[in-house]
Amino acid sequence: MTLAVGLAGAGRRGTGVHAPAIAACSGVRLAAVWGRTPALVRNLAERHEVPGFTRYVDFLAQCDAVAFAVPPVVQADLAESAAQAHKPMLLERPLAGDLAGAERVTDAAISARVVSQLALTWRYAVAVREFVDVVAPRAWPQGGSGRVISGALAHPDRSSPWQIERGVLMAHGPDLVDLLDAVLGRVLGVRAHGDPGGWVGLMLEHEGGHFSEVSLYASVEGGADRAQAEVVGPGGTADVDCTTAVGPDTFETMYNEFAVAVEAGKAPDLDVRRGLHLQQILDNAETDLYRGM
């Protein structure tokens with residue numbers, strides 16, 4: 001049986017990423033669309049020949065699971081309701097607009113015992129998985145670095161309003177911090193400096209006495225986007241280019257694994273607990289940034 005997934009969000013992310021991925025995935029089918037803008041909901045629903053809703057409770061009744069493509073502050077409230085309705089959830093990152101929201105979503109999912117999975121896109125790419133599981137461990141890594149250089153926030157047609165408002169840390173930080181956490185050990189502490197609306201630097205302390213540095217900037221006017229991570233240790237160095245690693249098959253893998261997790265009734269490693277861990281790191285970093293202004 002295919003998993004009937006409702007898509008919450010009819011904007012750029014929902015239309016350009018999630019809906020096509022669901023349509024291309026054999027393990028799931030699009031069951032319904034929800035959004036707050038009737039015209040956007042109607043257009044997306046008609047394109048995929050599914051019902052569209054602006055009443056969330058009616059939408060939830062039409063699907064077995066929910067995929068979210070909404071701003072973090074909106075996702076927190078919607079996901080809490082979905083968990084209470086016992087709907088498995090594929091959640092965007094960051095998990096919520098603030099730490100309190102992330103805690104609410106996590107508590108709701110755990111209390112309802114629903115499967116949750118994070119759309120940490122890089123982690124479903126073949127090259128990134130090989131880096132995490134095979135290539136990086138060969139270096140016996142003791143430290144590392146990562147950077148995201150992008151023009152996304154300089155061009156409103158490439159970013160959501162919430163990303164422009166919150167800046168590069170929340171827009172791109174979850175993926176890079178998650179990746180370094182995966183290869184160097186759980187992040188125990190973070191120090192941040194820079195401009196919340198411009199360049200941001202992080203120093204991450206990992207368990208086992210490992211450290212990494214992060215550079216984030218997403219206001220480049222021109223040039224190609226870059227997203228890279230590198231680790232170094234007695235065994236040498238290892239790196240991965242996350243920009244080129246992600247393709248259409250990445251999102252198909254993500255949805256297929258979501259369907260498998262729901263059928264098994266077992267949350268994957270990239271679940272709400274992971275999302276809460278990342279939110280705690282980002283919240284501490286953001287506090288650091290505004291304290292230094």
# chains A, B, ... in the order shown; residues from 1 in each chain; ligands from 1
>>> residues_around(residues="Glu230 (chain A)", least_positions_apart="5", cutoff="6 Å", atoms="only C-alpha atoms", output="ChimeraX atom specification")
/A:144-145,238-239
>>> residues_around(residues="Thr250 (chain A)", least_positions_apart="6", cutoff="10 Å", atoms="only C-alpha atoms", output="list in words")
Ala21, Thr121, Trp122, Arg123, Tyr124, Ala125 and Val126 of chain A
>>> write_last_selection(atoms="C-alpha atoms", output="CSV table (one decimal), in the first residue's frame")
chain,number,residue,atom,x,y,z
A,21,ALA,CA,8.9,14.5,-5.0
A,121,THR,CA,17.9,17.3,2.5
A,122,TRP,CA,21.7,16.6,2.4
A,123,ARG,CA,21.4,13.5,4.6
A,124,TYR,CA,19.4,11.7,1.9
A,125,ALA,CA,22.0,12.2,-0.8
A,126,VAL,CA,24.2,9.3,-1.8
>>> closest_residue(among="A:Glu130, A:Val177, A:Gln279, A:Glu92", to="Arg13 (chain A)", atoms="only C-alpha atoms")
A:Glu92
>>> closest_residue(among="A:Asp107, A:Glu205, A:Asp175, A:Glu221", to="Gly189 (chain A)", atoms="only C-alpha atoms")
A:Glu205
>>> select_by_dssp(residues="region 123-154 of chain A", states="strand (DSSP E or B)", output="CSV table (one decimal) with C-alpha atoms, in the first residue's frame")
chain,number,residue,atom,x,y,z
A,143,GLY,CA,38.2,18.5,13.8
A,144,GLY,CA,36.5,19.9,10.8
A,145,SER,CA,34.9,22.9,9.1
A,146,GLY,CA,32.0,23.7,6.9
A,147,ARG,CA,30.7,26.6,4.9
A,148,VAL,CA,27.7,27.7,3.0
A,149,ILE,CA,28.1,30.6,0.5
>>> select_by_dssp(residues="region 18-212 of chain A", states="alpha helix (DSSP H)", output="MDAnalysis selection string")
chainID A and resid 19:24 38:48 56:60 72:84 99:112 126:130 136:138 161:166 168:184
>>> closest_residue(among="A:Pro268, A:Pro196, A:Gly52, A:Gly222", to="Ala119 (chain A)", atoms="only C-alpha atoms")
A:Pro268
>>> residues_around(residues="region 254-261 of chain A", least_positions_apart="2", cutoff="8 Å", atoms="only C-alpha atoms", output="VMD selection string")
chain A and resid 2 to 3 21 to 22 25 to 28 90 115 117 119 121 124 250 to 252 263 to 268
>>> closest_residue(among="A:Ser116, A:Gly198, A:Asp269, A:Gly151", to="Ala182 (chain A)", atoms="only C-alpha atoms")
A:Asp269
>>> closest_residue(among="A:Val17, A:Val214, A:Leu202, A:Val114", to="Asp249 (chain A)", atoms="only C-alpha atoms")
A:Val17
>>> residues_around(residues="Asn284 (chain A)", least_positions_apart="6", cutoff="10 Å", atoms="only C-alpha atoms", output="list in words")
Leu99, Gly189, Val190, Arg191 and Ala192 of chain A
>>> closest_residue(among="A:Ser212, A:Ala218, A:Val132, A:Asn43", to="Ile164 (chain A)", atoms="only C-alpha atoms")
A:Ala218
